[in-house]
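Enquirer: This is protein-v8.cif (mmCIF, C-alpha atoms).
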data_coords
loop_
_atom_site.label_atom_id
_atom_site.label_comp_id
_atom_site.auth_asym_id
_atom_site.auth_seq_id
_atom_site.Cartn_x
_atom_site.Cartn_y
_atom_site.Cartn_z
CA MET A 1 262.19 134.99 197.50
CA ASP A 2 258.94 133.90 195.85
CA LEU A 3 260.68 130.81 194.49
CA LEU A 4 262.11 129.98 197.94
CA GLY A 5 258.66 130.48 199.46
CA SER A 6 257.17 128.14 196.87
CA LEU A 7 259.74 125.48 197.83
CA VAL A 8 258.66 125.71 201.50
CA ALA A 9 254.99 125.50 200.47
CA PHE A 10 255.70 122.46 198.25
CA ALA A 11 257.66 120.77 201.07
CA ILE A 12 254.71 121.26 203.46
CA SER A 13 252.30 119.94 200.82
CA LEU A 14 254.55 116.88 200.43
CA LEU A 15 254.32 116.26 204.18
CA ALA A 16 250.54 116.62 203.99
CA TYR A 17 250.52 114.11 201.11
CA LYS A 18 252.58 111.64 203.19
CA ALA A 19 250.20 112.14 206.11
CA LEU A 20 247.26 111.52 203.76
CA LYS A 21 248.89 108.29 202.53
CA VAL A 22 249.60 107.03 206.07
CA THR A 23 246.30 107.99 207.71
CA GLY A 24 243.81 108.41 204.85
CA TYR A 25 242.40 111.48 206.66
CA LYS A 26 240.60 113.91 204.33
CA ILE A 27 241.94 116.90 206.31
CA PHE A 28 245.42 116.24 204.92
CA LEU A 29 244.05 116.29 201.37
CA TYR A 30 242.87 119.89 201.92
CA LEU A 31 246.22 120.86 203.46
CA PHE A 32 248.01 119.20 200.53
CA LEU A 33 245.86 121.06 197.98
CA GLY A 34 246.14 124.35 199.88
CA PHE A 35 249.91 124.39 200.19
CA SER A 36 250.37 123.07 196.62
CA LEU A 37 248.26 125.94 195.26
CA LEU A 38 250.15 128.41 197.44
CA GLY A 39 253.41 127.00 196.05
CA ILE A 40 252.20 127.16 192.44
CA GLY A 41 251.10 130.79 192.92
CA SER A 42 254.42 131.85 194.42
CA MET A 43 256.32 129.96 191.73
CA GLY A 44 254.34 131.68 188.95
CA ARG A 45 255.11 135.10 190.35
CA GLY A 46 258.73 134.15 190.97
CA MET A 47 259.14 133.02 187.34
CA ILE A 48 257.66 136.25 185.98
CA THR A 49 259.92 138.29 188.30
CA LEU A 50 262.93 136.31 187.10
CA ALA A 51 261.90 136.81 183.48
CA LEU A 52 261.57 140.58 184.04
CA LEU A 53 264.97 140.78 185.71
CA LEU A 54 266.96 138.47 183.47
CA LEU A 55 265.50 138.71 179.95
CA PRO A 56 266.52 141.47 177.51
CA PRO A 57 263.85 144.20 176.96
CA HIS A 58 262.50 142.68 173.70
CA GLY A 59 262.09 139.23 175.32
CA ARG A 60 260.27 140.41 178.43
CA PRO A 61 256.69 139.21 179.01
CA PRO A 62 254.01 141.75 177.94
CA VAL A 63 252.19 143.82 180.59
CA LEU A 64 248.96 141.98 179.83
CA LEU A 65 250.57 138.63 180.69
CA ILE A 66 252.02 140.09 183.90
CA SER A 67 248.63 141.35 185.07
CA TRP A 68 247.04 138.03 184.06
CA VAL A 69 249.64 136.09 186.08
CA ASN A 70 249.12 138.47 189.01
CA LEU A 71 245.38 137.84 188.92
CA MET A 72 245.96 134.06 188.70
CA VAL A 73 248.36 134.21 191.67
CA GLY A 74 245.71 136.06 193.67
CA LEU A 75 243.06 133.50 192.72
CA LEU A 76 245.36 130.56 193.49
CA ARG A 77 246.10 132.05 196.91
CA LEU A 78 242.39 132.48 197.54
CA LEU A 79 241.74 128.84 196.61
CA ALA A 80 244.75 127.77 198.70
CA TYR A 81 243.48 129.57 201.81
CA LEU A 82 239.96 128.24 201.24
CA SER A 83 241.30 124.70 201.01
CA ILE A 84 243.38 125.06 204.21
CA ALA A 85 240.43 126.70 205.96
CA LEU A 86 238.24 123.79 204.90
CA GLY A 87 240.80 121.44 206.48
CA TYR A 88 240.68 123.41 209.74
CA THR A 89 236.89 123.48 209.65
CA LEU A 90 236.72 119.70 209.22
CA GLN A 91 238.97 119.01 212.18
CA ALA A 92 237.51 121.70 214.48
CA LYS A 93 234.61 119.55 215.66
CA GLY A 94 232.67 121.42 218.26
CA ALA A 95 234.91 124.49 218.04
CA TYR A 96 233.64 127.67 216.41
CA ALA A 97 233.80 127.26 212.67
CA PRO A 98 232.15 129.61 210.18
CA PRO A 99 230.50 127.85 207.18
CA ILE A 100 233.60 128.08 205.01
CA GLU A 101 232.15 125.86 202.25
CA GLY A 102 229.63 128.62 201.51
CA LEU A 103 232.47 131.09 201.01
CA ALA A 104 233.63 129.17 197.94
CA LEU A 105 230.49 130.35 196.14
CA LEU A 106 231.66 133.94 196.59
CA ILE A 107 234.79 133.42 194.46
CA PRO A 108 233.28 134.83 191.25
CA LEU A 109 232.59 138.06 193.14
CA TYR A 110 236.26 138.53 194.00
CA LEU A 111 237.75 138.91 190.59
CA SER A 112 239.04 142.47 190.89
CA HIS A 113 242.29 142.91 192.79
CA PRO A 114 241.24 144.88 195.90
CA LEU A 115 238.35 142.47 196.42
CA LEU A 116 240.71 139.53 195.96
CA GLU A 117 242.99 140.98 198.64
CA ALA A 118 239.97 141.57 200.87
CA ALA A 119 238.93 137.93 200.45
CA ASN A 120 242.47 136.73 201.11
CA SER A 121 242.67 138.94 204.23
CA PHE A 122 239.35 137.60 205.46
CA ILE A 123 240.23 133.92 204.96
CA THR A 124 243.76 134.23 206.35
CA LEU A 125 242.26 135.93 209.41
CA TYR A 126 240.09 132.83 209.84
CA LEU A 127 243.24 130.67 209.56
CA VAL A 128 245.03 132.86 212.13
CA PHE A 129 242.13 132.40 214.50
CA GLN A 130 242.05 128.60 214.05
CA ALA A 131 245.84 128.29 214.40
CA LEU A 132 245.73 130.43 217.55
CA VAL A 133 243.06 128.18 219.08
CA VAL A 134 245.24 125.13 218.32
CA TYR A 135 248.33 126.81 219.82
CA LEU A 136 246.49 127.89 222.98
CA GLU A 137 245.30 124.29 223.36
CA ASN A 138 248.58 122.43 222.91
CA ARG A 139 251.28 125.12 223.40
CA LEU A 140 253.55 123.37 220.93
CA ARG A 141 256.32 125.28 219.21
CA SER A 142 255.30 123.90 215.84
CA SER A 143 251.72 125.11 216.35
CA LEU A 144 253.13 128.54 217.23
CA GLY A 145 255.01 128.41 213.91
CA ILE A 146 251.80 127.70 211.98
CA PHE A 147 250.05 130.54 213.83
CA LEU A 148 252.89 133.01 213.10
CA GLY A 149 252.99 131.92 209.46
CA PHE A 150 249.29 132.58 208.94
CA ALA A 151 249.47 135.80 211.00
CA LEU A 152 252.19 137.13 208.70
CA LEU A 153 250.22 136.04 205.61
CA TRP A 154 247.22 137.94 206.96
CA ALA A 155 249.36 141.01 207.74
CA SER A 156 250.74 140.90 204.19
CA HIS A 157 247.30 140.74 202.54
CA PHE A 158 245.86 143.35 204.88
CA THR A 159 248.74 145.76 204.19
CA ALA A 160 248.30 145.22 200.43
CA LEU A 161 244.56 145.85 200.79
CA LEU A 162 245.15 149.11 202.67
CA VAL A 163 247.54 150.23 199.92
CA MET A 164 244.96 149.40 197.25
CA LEU A 165 242.29 151.30 199.17
CA ARG A 166 244.78 154.21 199.41
CA ALA A 167 244.65 154.12 203.19
CA LEU A 168 248.41 153.58 203.04
CA PRO A 169 250.85 155.14 200.54
CA LEU A 170 252.13 153.04 197.64
CA ARG A 171 255.55 152.67 199.23
CA TYR A 172 254.00 150.15 201.66
CA LEU A 173 253.36 147.66 198.84
CA PRO A 174 256.94 146.28 198.96
CA LEU A 175 256.47 145.93 202.72
CA ALA A 176 253.42 143.74 202.07
CA ASN A 177 255.62 141.55 199.86
CA LEU A 178 258.37 141.42 202.46
CA ILE A 179 255.86 140.29 205.09
CA TYR A 180 254.55 137.67 202.66
CA TRP A 181 258.05 136.25 202.13
CA ALA A 182 258.75 136.43 205.87
CA SER A 183 255.67 134.27 206.50
CA PHE A 184 257.51 131.30 205.01
CA ALA A 185 260.17 131.41 207.76
CA PRO A 186 257.86 130.08 210.53
CA PHE A 187 256.51 127.47 208.08
CA LEU A 188 260.09 126.46 207.36
CA SER A 189 260.80 126.06 211.09
CA VAL A 190 257.72 123.78 211.40
CA LEU A 191 258.99 121.80 208.45
CA LEU A 192 262.37 121.30 210.12
CA THR A 193 260.71 120.24 213.41
CA VAL A 194 258.62 117.63 211.58
CA VAL A 195 261.53 116.31 209.53
CA ARG A 196 263.66 115.95 212.69
CA ALA A 197 260.89 114.16 214.64
CA ARG A 198 262.08 110.81 216.06
CA MET B 1 235.41 113.56 231.06
CA ARG B 2 234.98 110.81 228.44
CA LYS B 3 238.22 109.75 226.79
CA ALA B 4 238.27 110.04 223.00
CA ARG B 5 238.26 106.75 221.07
CA ARG B 6 241.58 105.83 219.53
CA SER B 7 241.70 105.67 215.77
CA LYS B 8 242.89 102.50 214.03
CA ILE B 9 246.10 104.17 212.91
CA ARG B 10 246.81 105.28 216.50
CA ILE B 11 246.24 101.71 217.82
CA ILE B 12 248.60 100.29 215.18
CA ALA B 13 251.23 102.89 216.08
CA ASP B 14 250.82 102.07 219.79
CA ILE B 15 251.35 98.35 219.10
CA LEU B 16 254.43 99.03 216.97
CA ARG B 17 255.82 101.41 219.59
CA VAL B 18 255.56 98.77 222.33
CA ILE B 19 257.36 96.25 220.11
CA GLU B 20 260.06 98.81 219.27
CA ARG B 21 260.49 99.86 222.91
CA GLU B 22 260.80 96.24 224.12
CA ASN B 23 263.07 95.38 221.21
CA GLY B 24 260.82 92.40 220.49
CA ALA B 25 257.75 92.01 222.71
CA LYS B 26 255.66 89.17 224.10
CA LEU B 27 251.90 89.14 223.58
CA THR B 28 251.20 90.15 227.20
CA GLN B 29 253.61 93.08 226.99
CA ILE B 30 251.81 94.37 223.89
CA LEU B 31 248.46 93.67 225.53
CA TYR B 32 249.24 95.95 228.47
CA GLY B 33 251.39 98.43 226.56
CA ALA B 34 248.81 99.05 223.84
CA ASN B 35 245.86 98.69 226.23
CA LEU B 36 243.83 96.26 224.09
CA SER B 37 241.72 93.18 224.68
CA TYR B 38 243.18 89.82 223.65
CA GLU B 39 240.73 89.37 220.77
CA ARG B 40 241.34 92.80 219.31
CA LEU B 41 245.09 92.52 219.71
CA THR B 42 245.35 89.16 217.93
CA GLY B 43 243.28 90.60 215.10
CA TYR B 44 245.65 93.57 214.77
CA LEU B 45 248.76 91.37 215.05
CA ASN B 46 247.53 89.13 212.23
CA GLU B 47 246.86 92.19 210.10
CA LEU B 48 250.29 93.66 210.84
CA LYS B 49 251.98 90.34 210.03
CA ALA B 50 250.06 90.11 206.75
CA LYS B 51 251.18 93.64 205.87
CA GLY B 52 254.79 92.75 206.67
CA LEU B 53 255.16 95.33 209.46
CA ILE B 54 255.98 92.75 212.17
CA LYS B 55 257.25 89.19 212.32
CA GLU B 56 256.60 86.50 214.89
CA LYS B 57 259.34 84.27 216.32
CA ARG B 58 258.31 81.23 218.33
CA GLY B 59 260.59 80.18 221.20
CA ASP B 60 260.48 78.06 224.39
CA GLU B 61 258.81 80.88 226.32
CA GLY B 62 256.17 81.49 223.67
CA SER B 63 256.03 83.90 220.75
CA ARG B 64 257.80 87.22 220.49
CA TYR B 65 256.97 89.89 217.97
CA TYR B 66 259.60 91.99 216.19
CA LEU B 67 259.40 94.95 213.86
CA THR B 68 260.44 94.30 210.28
CA GLU B 69 262.37 96.90 208.25
CA LYS B 70 258.99 97.97 206.82
CA GLY B 71 257.62 98.27 210.37
CA PHE B 72 260.52 100.51 211.44
CA ARG B 73 260.03 102.63 208.33
CA PHE B 74 256.29 102.95 208.97
CA LEU B 75 256.88 103.99 212.59
CA ARG B 76 259.43 106.62 211.53
CA GLU B 77 256.97 108.00 208.97
CA PHE B 78 254.16 107.93 211.51
CA LYS B 79 256.18 109.98 214.03
CA LYS B 80 256.72 112.68 211.40
CA VAL B 81 253.05 112.58 210.42
CA GLU B 82 252.06 112.80 214.10
CA GLU B 83 254.30 115.86 214.60
CA PHE B 84 252.90 117.47 211.45
CA ALA B 85 249.31 116.74 212.49
CA LYS B 86 249.92 118.14 215.98
CA SER B 87 251.11 121.47 214.55
CA PHE B 88 247.72 121.87 212.88
CA GLY B 89 245.86 120.59 215.93
CA ILE B 90 244.83 117.39 214.13
CA LYS B 91 244.35 114.44 216.44
CA LEU B 92 245.27 111.07 214.96
#
Give the structure from this file in structure tokens form.
Expert:
Amino acid sequence: MDLLGSLVAFAISLLAYKALKVTGYKIFLYLFLGFSLLGIGSMGRGMITLALLLLPPHGRPPVLLISWVNLMVGLLRLLAYLSIALGYTLQAKGAYAPPIEGLALLIPLYLSHPLLEAANSFITLYLVFQALVVYLENRLRSSLGIFLGFALLWASHFTALLVMLRALPLRYLPLANLIYWASFAPFLSVLLTVVRAR
Amino acid sequence: MRKARRSKIRIIADILRVIERENGAKLTQILYGANLSYERLTGYLNELKAKGLIKEKRGDEGSRYYLTEKGFRFLREFKKVEEFAKSFGIKL
């Protein structure tokens, strides 16, 4: 599922790259970077999962590598959301936009996992808010897809955070992952709408 | 309320759309369709010709402008980009 999710993220980043080439708008550069990083993160985790499932016990990656990859995935997601948020901030002229550039300086503070999840929850909540504003303005199905995608990403990070803070039992952690994978479905529907545009 | 200024890419797309819709358009049709002054339009048409997106054919009733294969391709790409941009609330 992580690998499939990474394919959707890469496809969206490819569209953003095309848009950047056609228009030269900086906003698309941030969307391209954001979705590429999201794709790389998901791919990294997908590869490790595959290695754990398919390799014989002696060939499996060590626990240290797994936790390192997990931390990298978390950091990549954080950078991905920051990049997408920066894109939204640039295009939301006049609309409410927190100083997201300043948030980048906080990255070194978010190196432990619960804090990383907290940061991801916070930034995805910002993305949910921006996507909702866009949807309420244009009422397009594709904008609804973007909103739902970010809303599910936020729900996934928030659920994971609650598990880490022990506000929810550990059995909810797989649910957080399921929600994360589900978030790629609305993004996929947006992708199909764009590809079919005539 | 003041209308937002059109970006260059939007003006180019509007010109190409008029030409596509008319299946080859006269200068006046593009003038009205793309809502541009004569001076600005001729500037854009020269640029589009130089980039190989349109071609001009002179006839008895004056010139007509047609999309080239590159022009059709650009317009197809632009429509996808426009749809993508709209989903994120980005105005082109």
Enquirer: Apply the PyMOL selection byres ((chain A) within 6 of (chain B)) to the file shown and report the selected residues as a compact mmCIF listing (two decimals) with C-alpha atoms, in the coordinates of the input.
Expert:
# COMPACT_ATOMS: atom_id res chain seq x y z
CA ALA A 19 250.20 112.14 206.11
CA VAL A 134 245.24 125.13 218.32
CA SER A 142 255.30 123.90 215.84
CA SER A 143 251.72 125.11 216.35
CA VAL A 194 258.62 117.63 211.58
CA ALA A 197 260.89 114.16 214.64
Enquirer: Please enumerate the residues selected by the PyMOL selection byres ((chain B and resi 28) around 12) when evaluated against the supplied file, formatted as an MDAnalysis selection string.
Expert: chainID B and resid 15 18:19 22 24:27 29:38 41:42 62:65
Enquirer: Taking the file above as input, evaluate the PyMOL selection byres ((chain A and resi 27) around 7) and report the hits as a list in words.
Expert: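 In the shown coordinates, the PyMOL selection byres ((chain A and resi 27) around 7) covers Tyr25, Lys26, Phe28, Leu29, Tyr30, Leu31, Gly87, Leu90 and Gln91 of chain A.
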Enquirer: Work out how far apart atom CA of B:Asn23 and atom CA of B:Arg6 are and give it in Å to one decimal.
Expert: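 That distance, rounded to one decimal, is 24.0 Å.
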Enquirer: For a test of reading the model, state the distance in Å between atom CA of A:Tyr126 and atom CA of A:Leu148, rounded to one decimal.
Expert: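 Answer for the atom CA of A:Tyr126 to atom CA of A:Leu148 separation: 13.2 Å.
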Enquirer: Got a sec: who's within 7 Å of B:Leu67, counting all atoms listed in the file, leaving out chain neighbours fewer than 5 positions off, as an NGL selection string?
Expert: :B and (19-20 or 53-55 or 72)
Enquirer: Using Å and a single decimal, report how far atom CA of A:Ser67 sits from atom CA of A:Leu52.
Expert: 13.0 Å
Enquirer: Need to verify the contact set: A:Tyr81, 9 Å, all atoms listed in the file, exclusion of same-chain residues closer than 2 positions in sequence. Can you return it as a ChimeraX atom specification?
Expert: /A:34-35,37-38,76-79,83-86,120,123-124,127
Enquirer: Output as lines of an AutoDock Vina configuration file the centre and edge lengths (Å, one decimal) of the box along x, y and z of the file that holds every listed atom of stretch 75-89 of chain B after adding 5 Å on each side.
Expert:
center_x = 252.6
center_y = 112.9
center_z = 212.5
size_x = 23.6
size_y = 27.9
size_z = 17.0
